[in-house]
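Q: If you scroll down you'll find the structure; I have some questions about it.
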Amino acid sequence: MKIFAERLKDLRNEKGISQSKLAALIEVSPAVVCYWETDRSEPTAPNLVKLSDYFNVSVDYLLGKTIM
C-alpha cells in the first residue's frame with residue numbers, strides 16, 4: 001500500500017518526530033516503522049488504530065480511501 005507508506009511518512013514529518021519516537025509511542029520497533037514507510041510491510045489493525053489516534057486522522061485516510 002504505497003499510499004499508506006507515503007501518508008505515514010508525511011504525517012510523521014509534519015509532527016517533526018523520528019521513526020524511533022513514533023515507534024516508542026505506539027509500542028513497535030523502529031524497524032517496523034521503517035518497513036511501513038518503505039512499503040515493505042503493512043500494519044496490523046490495532047496498529048492502524050494507534051496511528052490514527054496519534055495523528056488524529058481516520059484509518060480510511062491512512063489507507064488512502066479518503067482525503068483530509
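Labels used: A, B, ... for chains in the order of the C-alpha cells, numbers from 1 for residues in each chain, and numbers from 1 for ligands as shown.
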Compile the contact shell of segment 9-25 of chain A as an mmCIF file with C-alpha atoms, in the first residue's frame: residues with an atom at most 9 Å away, counting only C-alpha atoms, same-chain residues fewer than 2 positions apart removed.
A:
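So the final result, stored in result_18.cif, reads:
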data_model
loop_
_atom_site.group_PDB
_atom_site.id
_atom_site.type_symbol
_atom_site.label_atom_id
_atom_site.label_comp_id
_atom_site.auth_asym_id
_atom_site.auth_seq_id
_atom_site.Cartn_x
_atom_site.Cartn_y
_atom_site.Cartn_z
ATOM 1 C CA PHE A 4 -0.187 4.295 3.350
ATOM 2 C CA ALA A 5 3.623 4.486 3.320
ATOM 3 C CA GLU A 6 3.542 7.997 1.852
ATOM 4 C CA ARG A 7 0.864 9.286 4.204
ATOM 5 C CA GLU A 27 4.946 0.335 21.044
ATOM 6 C CA VAL A 28 6.579 -1.196 17.968
ATOM 7 C CA SER A 29 10.217 -1.402 16.961
ATOM 8 C CA PRO A 30 11.788 1.379 14.904
ATOM 9 C CA ALA A 31 12.421 -1.170 12.146
ATOM 10 C CA VAL A 32 8.671 -1.751 11.854
ATOM 11 C CA VAL A 33 8.032 1.949 11.243
ATOM 12 C CA CYS A 34 10.819 1.960 8.657
ATOM 13 C CA TRP A 36 5.869 0.650 6.843
ATOM 14 C CA GLU A 37 7.301 3.852 5.392
ATOM 15 C CA THR A 38 9.221 1.987 2.699
ATOM 16 C CA LYS A 50 -2.912 3.589 17.226
ATOM 17 C CA LEU A 51 -1.535 5.566 14.290
ATOM 18 C CA TYR A 54 -1.881 9.597 17.403
ATOM 19 C CA PHE A 55 -2.108 11.590 14.184
#
Q: Report, in Å with one decimal, the straight-line distance from atom CA of Leu8 of chain A to atom CA of Asn47 of chain A.
A: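 Atom CA of Asn47 of chain A lies 12.1 Å from atom CA of Leu8 of chain A.
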Q: Write out as a PyMOL selection string the residues lying within 12 Å of Asp53 of chain A, counting only C-alpha atoms and excluding same-chain residues fewer than 5 positions away.
A: chain A and resi 25-26+46-48+58-59+61-62
Q: If you keep N, CA and C atoms, can you produce a file of those selected residues as a PDB file, in the first residue's frame?
A:
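Full text of selection.pdb as output:
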ATOM      1  N   LEU A  25       6.116   5.506  20.815  1.00  0.00           N
ATOM      2  CA  LEU A  25       4.770   5.957  21.166  1.00  0.00           C
ATOM      3  C   LEU A  25       3.695   4.904  20.909  1.00  0.00           C
ATOM      4  N   ILE A  26       3.872   4.125  19.842  1.00  0.00           N
ATOM      5  CA  ILE A  26       2.840   3.126  19.523  1.00  0.00           C
ATOM      6  C   ILE A  26       3.297   1.698  19.844  1.00  0.00           C
ATOM      7  N   PRO A  46      -4.791  -3.237  14.890  1.00  0.00           N
ATOM      8  CA  PRO A  46      -4.580  -2.458  16.122  1.00  0.00           C
ATOM      9  C   PRO A  46      -3.546  -1.340  15.949  1.00  0.00           C
ATOM     10  N   ASN A  47      -2.512  -1.589  15.162  1.00  0.00           N
ATOM     11  CA  ASN A  47      -1.510  -0.536  14.942  1.00  0.00           C
ATOM     12  C   ASN A  47      -2.051   0.571  14.058  1.00  0.00           C
ATOM     13  N   LEU A  48      -2.918   0.239  13.117  1.00  0.00           N
ATOM     14  CA  LEU A  48      -3.577   1.288  12.323  1.00  0.00           C
ATOM     15  C   LEU A  48      -4.383   2.208  13.225  1.00  0.00           C
ATOM     16  N   SER A  58      -8.359   9.608  10.261  1.00  0.00           N
ATOM     17  CA  SER A  58      -9.101   8.351  10.199  1.00  0.00           C
ATOM     18  C   SER A  58      -8.227   7.233   9.626  1.00  0.00           C
ATOM     19  N   VAL A  59      -8.591   6.013   9.957  1.00  0.00           N
ATOM     20  CA  VAL A  59      -7.927   4.859   9.366  1.00  0.00           C
ATOM     21  C   VAL A  59      -8.133   4.901   7.850  1.00  0.00           C
ATOM     22  N   TYR A  61      -8.267   7.472   5.974  1.00  0.00           N
ATOM     23  CA  TYR A  61      -7.290   8.406   5.421  1.00  0.00           C
ATOM     24  C   TYR A  61      -5.929   7.723   5.289  1.00  0.00           C
ATOM     25  N   LEU A  62      -5.503   7.033   6.346  1.00  0.00           N
ATOM     26  CA  LEU A  62      -4.208   6.351   6.286  1.00  0.00           C
ATOM     27  C   LEU A  62      -4.149   5.347   5.157  1.00  0.00           C
TER      28      LEU A  62
END
